[in-house]
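> Take a look at target-v3.pdb, PDB, C-alpha atoms, pLDDT in the B column:
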```pdb
MODEL        1
ATOM      1  CA  MET A   1       2.841 -21.976 -15.027  1.00 60.00           C
ATOM      2  CA  VAL A   2       2.830 -18.434 -16.406  1.00 66.00           C
ATOM      3  CA  ARG A   3       2.029 -15.895 -13.706  1.00 71.00           C
ATOM      4  CA  PRO A   4       0.080 -12.717 -14.412  1.00 78.00           C
ATOM      5  CA  SER A   5       2.343  -9.741 -14.914  1.00 81.00           C
ATOM      6  CA  THR A   6      -0.178  -7.029 -14.007  1.00 90.00           C
ATOM      7  CA  LEU A   7      -2.969  -6.604 -11.488  1.00 95.00           C
ATOM      8  CA  ASP A   8      -5.522  -6.475 -14.295  1.00 92.00           C
ATOM      9  CA  GLU A   9      -4.687 -10.071 -15.242  1.00 93.00           C
ATOM     10  CA  LEU A  10      -5.703 -11.456 -11.832  1.00 94.00           C
ATOM     11  CA  GLY A  11      -9.126 -12.876 -11.049  1.00 93.00           C
ATOM     12  CA  TRP A  12     -11.007 -10.164  -9.146  1.00 96.00           C
ATOM     13  CA  PRO A  13     -12.699  -9.851  -6.716  1.00 97.00           C
ATOM     14  CA  LEU A  14     -10.634 -11.629  -4.066  1.00 96.00           C
ATOM     15  CA  HIS A  15     -12.027 -12.502  -0.648  1.00 96.00           C
ATOM     16  CA  THR A  16     -10.552 -12.712   2.833  1.00 95.00           C
ATOM     17  CA  ASP A  17     -12.392 -13.533   6.041  1.00 94.00           C
ATOM     18  CA  LEU A  18     -12.973  -9.814   6.636  1.00 96.00           C
ATOM     19  CA  LEU A  19     -12.806  -8.039   3.273  1.00 97.00           C
ATOM     20  CA  THR A  20     -13.491  -8.234  -0.425  1.00 98.00           C
ATOM     21  CA  LEU A  21     -10.695  -6.818  -2.573  1.00 98.00           C
ATOM     22  CA  ARG A  22     -11.040  -5.504  -6.083  1.00 98.00           C
ATOM     23  CA  ARG A  23      -9.229  -3.201  -8.458  1.00 98.00           C
ATOM     24  CA  GLY A  24      -9.723   0.495  -7.825  1.00 98.00           C
ATOM     25  CA  ARG A  25     -11.976   2.399 -10.246  1.00 98.00           C
ATOM     26  CA  SER A  26     -12.186   6.077 -11.106  1.00 98.00           C
ATOM     27  CA  GLU A  27     -15.572   6.420  -9.391  1.00 98.00           C
ATOM     28  CA  ASP A  28     -14.069   5.120  -6.130  1.00 98.00           C
ATOM     29  CA  ALA A  29     -12.297   8.446  -5.585  1.00 98.00           C
ATOM     30  CA  GLU A  30     -15.546  10.088  -4.550  1.00 97.00           C
ATOM     31  CA  ALA A  31     -16.492   7.155  -2.302  1.00 97.00           C
ATOM     32  CA  VAL A  32     -13.241   7.315  -0.283  1.00 97.00           C
ATOM     33  CA  TRP A  33     -13.003  11.121  -0.221  1.00 96.00           C
ATOM     34  CA  PRO A  34     -15.132  11.628   2.953  1.00 96.00           C
ATOM     35  CA  TRP A  35     -12.628   9.676   5.081  1.00 96.00           C
ATOM     36  CA  TYR A  36      -9.463  10.022   2.983  1.00 95.00           C
ATOM     37  CA  ARG A  37      -9.489  13.812   3.500  1.00 94.00           C
ATOM     38  CA  LEU A  38      -9.691  13.607   7.305  1.00 94.00           C
ATOM     39  CA  PRO A  39      -6.725  15.153   9.147  1.00 93.00           C
ATOM     40  CA  GLU A  40      -5.908  11.873  10.942  1.00 92.00           C
ATOM     41  CA  VAL A  41      -5.618  10.155   7.544  1.00 93.00           C
ATOM     42  CA  GLN A  42      -3.799  13.002   5.801  1.00 91.00           C
ATOM     43  CA  GLU A  43      -1.264  13.071   8.641  1.00 92.00           C
ATOM     44  CA  TRP A  44       0.501  10.065   7.076  1.00 92.00           C
ATOM     45  CA  THR A  45      -0.496   9.990   3.391  1.00 91.00           C
ATOM     46  CA  THR A  46       2.001  10.761   0.678  1.00 87.00           C
ATOM     47  CA  THR A  47      -0.320  13.013  -1.318  1.00 88.00           C
ATOM     48  CA  LEU A  48      -2.329  15.866   0.176  1.00 87.00           C
ATOM     49  CA  SER A  49      -5.459  16.570  -1.817  1.00 89.00           C
ATOM     50  CA  PRO A  50      -7.176  19.715  -0.549  1.00 90.00           C
ATOM     51  CA  THR A  51     -10.256  19.300  -2.798  1.00 94.00           C
ATOM     52  CA  LEU A  52     -12.246  16.435  -4.260  1.00 96.00           C
ATOM     53  CA  ALA A  53     -11.110  17.528  -7.742  1.00 97.00           C
ATOM     54  CA  ASP A  54      -7.447  17.286  -6.679  1.00 95.00           C
ATOM     55  CA  HIS A  55      -8.131  13.925  -5.071  1.00 96.00           C
ATOM     56  CA  GLN A  56      -9.857  12.653  -8.225  1.00 97.00           C
ATOM     57  CA  GLU A  57      -6.931  13.720 -10.405  1.00 97.00           C
ATOM     58  CA  TRP A  58      -4.407  11.988  -8.104  1.00 96.00           C
ATOM     59  CA  TRP A  59      -6.617   8.886  -7.758  1.00 97.00           C
ATOM     60  CA  ASP A  60      -6.959   8.483 -11.526  1.00 98.00           C
ATOM     61  CA  ARG A  61      -3.167   8.688 -11.948  1.00 97.00           C
ATOM     62  CA  THR A  62      -2.685   5.788  -9.509  1.00 96.00           C
ATOM     63  CA  LEU A  63      -5.313   3.369 -10.833  1.00 97.00           C
ATOM     64  CA  ASP A  64      -2.736   1.035 -12.403  1.00 96.00           C
ATOM     65  CA  THR A  65      -1.565   0.063  -8.886  1.00 97.00           C
ATOM     66  CA  CYS A  66      -4.793   0.658  -6.910  1.00 98.00           C
ATOM     67  CA  VAL A  67      -6.691  -1.994  -4.947  1.00 98.00           C
ATOM     68  CA  VAL A  68      -9.628  -1.279  -2.635  1.00 98.00           C
ATOM     69  CA  GLY A  69     -10.995  -3.256   0.289  1.00 98.00           C
ATOM     70  CA  LEU A  70     -14.730  -3.455   0.868  1.00 98.00           C
ATOM     71  CA  GLN A  71     -16.733  -4.519   3.882  1.00 97.00           C
ATOM     72  CA  ASP A  72     -20.482  -4.932   3.458  1.00 95.00           C
ATOM     73  CA  GLY A  73     -20.184  -3.294   0.021  1.00 95.00           C
ATOM     74  CA  ARG A  74     -18.478  -0.122   1.307  1.00 97.00           C
ATOM     75  CA  ILE A  75     -14.865   0.825   0.594  1.00 98.00           C
ATOM     76  CA  VAL A  76     -13.048   0.893   3.931  1.00 98.00           C
ATOM     77  CA  ALA A  77      -9.459   0.596   2.663  1.00 98.00           C
ATOM     78  CA  ALA A  78      -7.455   1.757  -0.321  1.00 98.00           C
ATOM     79  CA  GLY A  79      -4.007   0.591  -1.224  1.00 98.00           C
ATOM     80  CA  LYS A  80      -1.419  -0.084  -3.835  1.00 98.00           C
ATOM     81  CA  ILE A  81       0.615  -2.952  -5.153  1.00 98.00           C
ATOM     82  CA  GLU A  82       3.409  -1.486  -7.255  1.00 97.00           C
ATOM     83  CA  ARG A  83       5.507  -4.093  -9.015  1.00 96.00           C
ATOM     84  CA  GLN A  84       9.159  -3.078  -9.272  1.00 94.00           C
ATOM     85  CA  ASP A  85      12.433  -4.300 -10.636  1.00 93.00           C
ATOM     86  CA  ALA A  86      14.901  -5.547  -8.056  1.00 93.00           C
ATOM     87  CA  TRP A  87      18.329  -3.919  -8.043  1.00 93.00           C
ATOM     88  CA  SER A  88      20.810  -5.953 -10.023  1.00 94.00           C
ATOM     89  CA  GLN A  89      24.022  -5.830 -11.906  1.00 95.00           C
ATOM     90  CA  ALA A  90      23.539  -4.647 -15.469  1.00 94.00           C
ATOM     91  CA  ASP A  91      23.838  -8.098 -17.025  1.00 94.00           C
ATOM     92  CA  MET A  92      21.100  -9.456 -14.691  1.00 96.00           C
ATOM     93  CA  ARG A  93      18.457  -6.755 -15.285  1.00 94.00           C
ATOM     94  CA  GLU A  94      16.161  -9.022 -17.261  1.00 93.00           C
ATOM     95  CA  GLN A  95      16.055 -11.622 -14.483  1.00 93.00           C
ATOM     96  CA  ALA A  96      15.483  -8.916 -11.834  1.00 93.00           C
ATOM     97  CA  ALA A  97      12.591  -7.298 -13.725  1.00 90.00           C
ATOM     98  CA  GLY A  98       9.350  -7.278 -11.742  1.00 89.00           C
ATOM     99  CA  GLN A  99      10.728  -9.398  -8.895  1.00 94.00           C
ATOM    100  CA  GLN A 100       9.520  -7.221  -6.045  1.00 96.00           C
ATOM    101  CA  ALA A 101       6.570  -5.057  -5.088  1.00 97.00           C
ATOM    102  CA  GLU A 102       5.883  -2.155  -2.804  1.00 98.00           C
ATOM    103  CA  ILE A 103       2.596  -2.195  -0.933  1.00 98.00           C
ATOM    104  CA  GLY A 104       0.863   0.645   0.874  1.00 97.00           C
ATOM    105  CA  TRP A 105      -2.557   1.209   2.424  1.00 97.00           C
ATOM    106  CA  VAL A 106      -4.947   3.695   3.986  1.00 96.00           C
ATOM    107  CA  LEU A 107      -7.846   2.712   6.221  1.00 97.00           C
ATOM    108  CA  ASP A 108     -11.092   4.509   7.036  1.00 97.00           C
ATOM    109  CA  PRO A 109     -10.662   5.678  10.672  1.00 96.00           C
ATOM    110  CA  ALA A 110     -14.259   4.631  11.406  1.00 96.00           C
ATOM    111  CA  VAL A 111     -13.265   0.959  11.090  1.00 96.00           C
ATOM    112  CA  GLN A 112      -9.870   1.043  12.796  1.00 93.00           C
ATOM    113  CA  GLY A 113      -9.227  -1.343  15.653  1.00 93.00           C
ATOM    114  CA  ARG A 114     -11.080  -4.275  14.064  1.00 94.00           C
ATOM    115  CA  GLY A 115      -8.165  -5.981  12.325  1.00 95.00           C
ATOM    116  CA  LEU A 116      -9.133  -4.671   8.900  1.00 97.00           C
ATOM    117  CA  GLY A 117      -5.851  -2.826   8.300  1.00 96.00           C
ATOM    118  CA  THR A 118      -3.917  -5.986   9.073  1.00 97.00           C
ATOM    119  CA  ALA A 119      -6.228  -8.102   6.902  1.00 97.00           C
ATOM    120  CA  PHE A 120      -5.955  -5.630   4.018  1.00 98.00           C
ATOM    121  CA  ALA A 121      -2.154  -5.314   4.201  1.00 98.00           C
ATOM    122  CA  ALA A 122      -1.776  -9.108   4.379  1.00 98.00           C
ATOM    123  CA  ALA A 123      -4.064  -9.486   1.365  1.00 98.00           C
ATOM    124  CA  LEU A 124      -2.030  -6.928  -0.621  1.00 98.00           C
ATOM    125  CA  ARG A 125       1.127  -8.834   0.246  1.00 98.00           C
ATOM    126  CA  ASP A 126      -0.464 -12.142  -0.719  1.00 97.00           C
ATOM    127  CA  VAL A 127      -1.653 -10.765  -4.067  1.00 97.00           C
ATOM    128  CA  ALA A 128       1.895  -9.604  -4.783  1.00 97.00           C
ATOM    129  CA  VAL A 129       3.431 -12.944  -3.790  1.00 97.00           C
ATOM    130  CA  ASP A 130       0.829 -15.488  -4.890  1.00 95.00           C
ATOM    131  CA  GLY A 131      -0.848 -13.539  -7.678  1.00 95.00           C
ATOM    132  CA  LEU A 132       2.052 -11.709  -9.297  1.00 96.00           C
ATOM    133  CA  GLY A 133       4.773 -14.093  -8.168  1.00 95.00           C
ATOM    134  CA  VAL A 134       7.174 -11.505  -6.776  1.00 97.00           C
ATOM    135  CA  ARG A 135       9.961 -12.756  -4.543  1.00 97.00           C
ATOM    136  CA  ARG A 136      10.044  -9.748  -2.164  1.00 98.00           C
ATOM    137  CA  VAL A 137       7.483  -7.294  -0.790  1.00 98.00           C
ATOM    138  CA  GLU A 138       8.401  -3.958   0.762  1.00 98.00           C
ATOM    139  CA  ALA A 139       6.534  -1.244   2.668  1.00 98.00           C
ATOM    140  CA  SER A 140       7.685   1.947   4.344  1.00 97.00           C
ATOM    141  CA  CYS A 141       6.326   4.576   6.687  1.00 96.00           C
ATOM    142  CA  PHE A 142       7.220   7.499   8.877  1.00 96.00           C
ATOM    143  CA  ALA A 143       8.654   6.101  12.112  1.00 96.00           C
ATOM    144  CA  GLU A 144       6.008   8.027  14.085  1.00 96.00           C
ATOM    145  CA  ASN A 145       3.202   6.193  12.250  1.00 96.00           C
ATOM    146  CA  LEU A 146       2.849   3.522  14.908  1.00 96.00           C
ATOM    147  CA  ALA A 147      -0.328   2.017  13.427  1.00 94.00           C
ATOM    148  CA  SER A 148       1.379   1.234  10.111  1.00 96.00           C
ATOM    149  CA  ARG A 149       4.413  -0.160  11.881  1.00 97.00           C
ATOM    150  CA  ARG A 150       2.207  -2.485  13.941  1.00 97.00           C
ATOM    151  CA  VAL A 151       0.404  -3.695  10.820  1.00 97.00           C
ATOM    152  CA  MET A 152       3.689  -4.468   9.052  1.00 98.00           C
ATOM    153  CA  GLU A 153       4.951  -6.377  12.070  1.00 97.00           C
ATOM    154  CA  LYS A 154       1.663  -8.294  12.500  1.00 97.00           C
ATOM    155  CA  ILE A 155       1.781  -9.588   8.925  1.00 98.00           C
ATOM    156  CA  GLY A 156       5.347 -10.811   9.392  1.00 97.00           C
ATOM    157  CA  MET A 157       7.316  -8.074   7.690  1.00 98.00           C
ATOM    158  CA  ARG A 158      10.725  -7.438   9.194  1.00 98.00           C
ATOM    159  CA  LEU A 159      12.202  -4.033   9.918  1.00 98.00           C
ATOM    160  CA  GLU A 160      15.124  -3.620   7.557  1.00 97.00           C
ATOM    161  CA  GLY A 161      16.064  -0.044   8.204  1.00 97.00           C
ATOM    162  CA  THR A 162      15.441   3.084  10.188  1.00 97.00           C
ATOM    163  CA  PHE A 163      16.597   6.159   8.357  1.00 97.00           C
ATOM    164  CA  ARG A 164      17.336   9.164  10.537  1.00 97.00           C
ATOM    165  CA  GLU A 165      15.470  12.313   9.559  1.00 97.00           C
ATOM    166  CA  GLU A 166      15.274  11.227   5.923  1.00 94.00           C
ATOM    167  CA  SER A 167      11.615  12.111   5.368  1.00 92.00           C
ATOM    168  CA  LEU A 168      10.283  15.652   5.203  1.00 94.00           C
ATOM    169  CA  HIS A 169       6.770  15.669   6.690  1.00 94.00           C
ATOM    170  CA  ARG A 170       4.241  18.273   5.553  1.00 92.00           C
ATOM    171  CA  SER A 171       4.455  19.711   9.101  1.00 93.00           C
ATOM    172  CA  GLY A 172       7.910  20.953   8.107  1.00 95.00           C
ATOM    173  CA  ARG A 173       9.673  18.490  10.427  1.00 96.00           C
ATOM    174  CA  TRP A 174      12.287  15.992   9.245  1.00 97.00           C
ATOM    175  CA  LEU A 175      11.146  12.595  10.491  1.00 96.00           C
ATOM    176  CA  ASP A 176      12.756   9.197  10.623  1.00 97.00           C
ATOM    177  CA  GLY A 177      11.572   6.751   7.986  1.00 96.00           C
ATOM    178  CA  MET A 178      11.274   2.996   8.377  1.00 97.00           C
ATOM    179  CA  SER A 179      11.464   0.270   5.781  1.00 97.00           C
ATOM    180  CA  TYR A 180       9.998  -3.214   6.184  1.00 98.00           C
ATOM    181  CA  ALA A 181      10.148  -6.223   3.868  1.00 98.00           C
ATOM    182  CA  GLN A 182       9.236  -9.875   3.573  1.00 98.00           C
ATOM    183  CA  LEU A 183      10.427 -12.540   1.170  1.00 97.00           C
ATOM    184  CA  ALA A 184       7.927 -14.791  -0.589  1.00 96.00           C
ATOM    185  CA  SER A 185       9.639 -17.768   1.036  1.00 96.00           C
ATOM    186  CA  GLU A 186       8.807 -16.268   4.456  1.00 96.00           C
ATOM    187  CA  VAL A 187       5.114 -15.855   3.573  1.00 92.00           C
ATOM    188  CA  ARG A 188       4.456 -19.433   2.496  1.00 71.00           C
TER     189      ARG A 188
ENDMDL
END
```
Write out the structure in this file as structure tokens.


Amino acid sequence: MVRPSTLDELGWPLHTDLLTLRRGRSEDAEAVWPWYRLPEVQEWTTTLSPTLADHQEWWDRTLDTCVVGLQDGRIVAAGKIERQDAWSQADMREQAAGQQAEIGWVLDPAVQGRGLGTAFAAALRDVAVDGLGVRRVEASCFAENLASRRVMEKIGMRLEGTFREESLHRSGRWLDGMSYAQLASEVR
């Protein structure tokens, strides 16, 4: 069986018990902007977009890895599945190509506490494993981002490293970073 090599080759939309997932679209930037720009969301996001125009520009640059989660037709989660090459010795690069993926997510604060973040993260992981056929899925966060840590642990990802003051937060503080992962064989 030949597995899809990109997100575009998968059969969208995908459904979970709580969410419908589909590929992100350019017009979605405006739909997520009202909650994506909130301070409690921006506290932990990688990219700070002070205006809708900045957000749109960033959003459009990330569409190749973007997946959104909808509930009742409204986008309540945005995330990424970024296929990556595993580290390997030089003579094994071809076999290591595309063997892992990094996932990440952001959830509308208005729907937090309902299991949607966990459902969305698990679905991203499952798309990477079952859809793209990667053998390893990774995710990382600031150590102080307890909600993301809980989600990673709930979906079965294991803490693989805590990195002391390795992440410069936009507050100007150096924070610990945490890395989680899960093998495809642990998901099935």

> Expressed in Å to a single decimal, how great is the separation between atom CA of Ser5 of chain A and atom CA of Ser185 of chain A?

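Straight-line distance from atom CA of Ser5 of chain A to atom CA of Ser185 of chain A works out to 19.3 Å.
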
> Here's the selection I'm unsure about, the PyMOL selection byres ((chain A and resi 164-174) around 9); applied to the file above, which residues does it give, as a list in words?

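When the PyMOL selection byres ((chain A and resi 164-174) around 9) is applied to the shown file, the picked residues are Glu43, Trp44, Leu48, Phe142, Thr162, Phe163, Leu175, Asp176, Gly177 and Met178 of chain A.
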
> Exactly which residues make up the result of the PyMOL selection byres ((chain A and resi 153) around 12) on this file, given as a count of residues only?

25

> Just give me the gap between atom CA of Val111 of chain A and atom CA of Val41 of chain A in Å, one decimal is fine.

12.5 Å

> Let me make sure I understand: among A:Asp64, A:Glu27, A:Glu144, A:Asp8, which one has the smallest atom-to-atom distance to Lys80 of chain A if we use only C-alpha atoms?

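Ranked by minimum distance to Lys80 of chain A, first place goes to A:Asp64.
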
> Skip Pro34 of chain A itself and residues of its chain fewer than 2 positions away, then list as a ChimeraX atom specification all residues within 12 Å of it, counting all atoms listed in the file.

/A:28-32,36-39,41-42,49-52,55,75-76,107-110

> With distances taken over only C-alpha atoms, which of A:Gly73, A:Ala78, A:Arg25, A:Glu9 is nearest to Gln56 of chain A?

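Of all the options, A:Arg25 lies closest to Gln56 of chain A.
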
> Return as an mmCIF file with C-alpha atoms, in the coordinates of the input the set of residues that the PyMOL selection byres ((chain A and resi 69) around 8) yields on the displayed structure.


```cif
data_model
loop_
_atom_site.group_PDB
_atom_site.id
_atom_site.type_symbol
_atom_site.label_atom_id
_atom_site.label_comp_id
_atom_site.auth_asym_id
_atom_site.auth_seq_id
_atom_site.Cartn_x
_atom_site.Cartn_y
_atom_site.Cartn_z
ATOM 1 C CA LEU A 19 -12.806 -8.039 3.273
ATOM 2 C CA THR A 20 -13.491 -8.234 -0.425
ATOM 3 C CA LEU A 21 -10.695 -6.818 -2.573
ATOM 4 C CA ARG A 22 -11.040 -5.504 -6.083
ATOM 5 C CA VAL A 67 -6.691 -1.994 -4.947
ATOM 6 C CA VAL A 68 -9.628 -1.279 -2.635
ATOM 7 C CA LEU A 70 -14.730 -3.455 0.868
ATOM 8 C CA GLN A 71 -16.733 -4.519 3.882
ATOM 9 C CA ILE A 75 -14.865 0.825 0.594
ATOM 10 C CA VAL A 76 -13.048 0.893 3.931
ATOM 11 C CA ALA A 77 -9.459 0.596 2.663
ATOM 12 C CA ALA A 78 -7.455 1.757 -0.321
ATOM 13 C CA PHE A 120 -5.955 -5.630 4.018
#
```

> When you count all atoms listed in the file, which of these residues is closest to Leu10 of chain A: A:Ala143, A:Glu186, A:Gly133, A:Ala101?

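Closest to Leu10 of chain A of all the choices is A:Gly133.
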
> If you measure from atom CA of Leu116 of chain A to atom CA of Ala86 of chain A, what distance in Å do you get, rounded to one decimal?

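We find that atom CA of Leu116 of chain A and atom CA of Ala86 of chain A lie 29.4 Å from each other.
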
> Using all atoms listed in the file, which residues sit within 12 Å of Pro4 of chain A once same-chain residues fewer than 3 positions away are excluded, as a PyMOL selection string?

chain A and resi 1+7-11+83+98+127-134

> Of the residues A:Asp72, A:Asp126, A:Ile103, A:Ala53, which is the one nearest to Leu14 of chain A, using all atoms listed in the file?

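Once distances to Leu14 of chain A are computed over all atoms listed in the file, the minimum belongs to A:Asp126.
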
> Measuring atom to atom with only C-alpha atoms, identify which of A:Glu138, A:Gln89, A:Leu18, A:Gly104 is nearest to Gly161 of chain A.

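Looking only at the distances to Gly161 of chain A, the closest residue turns out to be A:Glu138.
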
> Since the input has fewer atoms than a full residue there, write segment 63-74 of chain A out with N, CA and C atoms, as a tab-separated table (two decimals), in the coordinates of the input.


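Everything below was put into out-v4.tsv:
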```tsv
chain	number	residue	atom	x	y	z
A	63	LEU	N	-4.44	4.52	-10.65
A	63	LEU	CA	-5.31	3.37	-10.83
A	63	LEU	C	-4.59	2.11	-11.28
A	64	ASP	N	-3.45	2.24	-11.95
A	64	ASP	CA	-2.74	1.03	-12.40
A	64	ASP	C	-2.19	0.20	-11.24
A	65	THR	N	-2.06	0.80	-10.06
A	65	THR	CA	-1.56	0.06	-8.89
A	65	THR	C	-2.60	-0.04	-7.77
A	66	CYS	N	-3.79	0.49	-7.97
A	66	CYS	CA	-4.79	0.66	-6.91
A	66	CYS	C	-5.64	-0.59	-6.68
A	67	VAL	N	-5.81	-0.92	-5.40
A	67	VAL	CA	-6.69	-1.99	-4.95
A	67	VAL	C	-7.51	-1.42	-3.80
A	68	VAL	N	-8.80	-1.74	-3.74
A	68	VAL	CA	-9.63	-1.28	-2.64
A	68	VAL	C	-10.16	-2.47	-1.86
A	69	GLY	N	-10.42	-2.24	-0.58
A	69	GLY	CA	-11.00	-3.26	0.29
A	69	GLY	C	-12.40	-2.84	0.70
A	70	LEU	N	-13.34	-3.74	0.53
A	70	LEU	CA	-14.73	-3.46	0.87
A	70	LEU	C	-15.20	-4.35	2.01
A	71	GLN	N	-16.05	-3.76	2.84
A	71	GLN	CA	-16.73	-4.52	3.88
A	71	GLN	C	-18.20	-4.15	3.78
A	72	ASP	N	-19.04	-5.15	3.64
A	72	ASP	CA	-20.48	-4.93	3.46
A	72	ASP	C	-20.76	-3.97	2.30
A	73	GLY	N	-19.97	-4.09	1.23
A	73	GLY	CA	-20.18	-3.29	0.02
A	73	GLY	C	-19.63	-1.89	0.07
A	74	ARG	N	-19.01	-1.48	1.17
A	74	ARG	CA	-18.48	-0.12	1.31
A	74	ARG	C	-16.96	-0.17	1.33
```
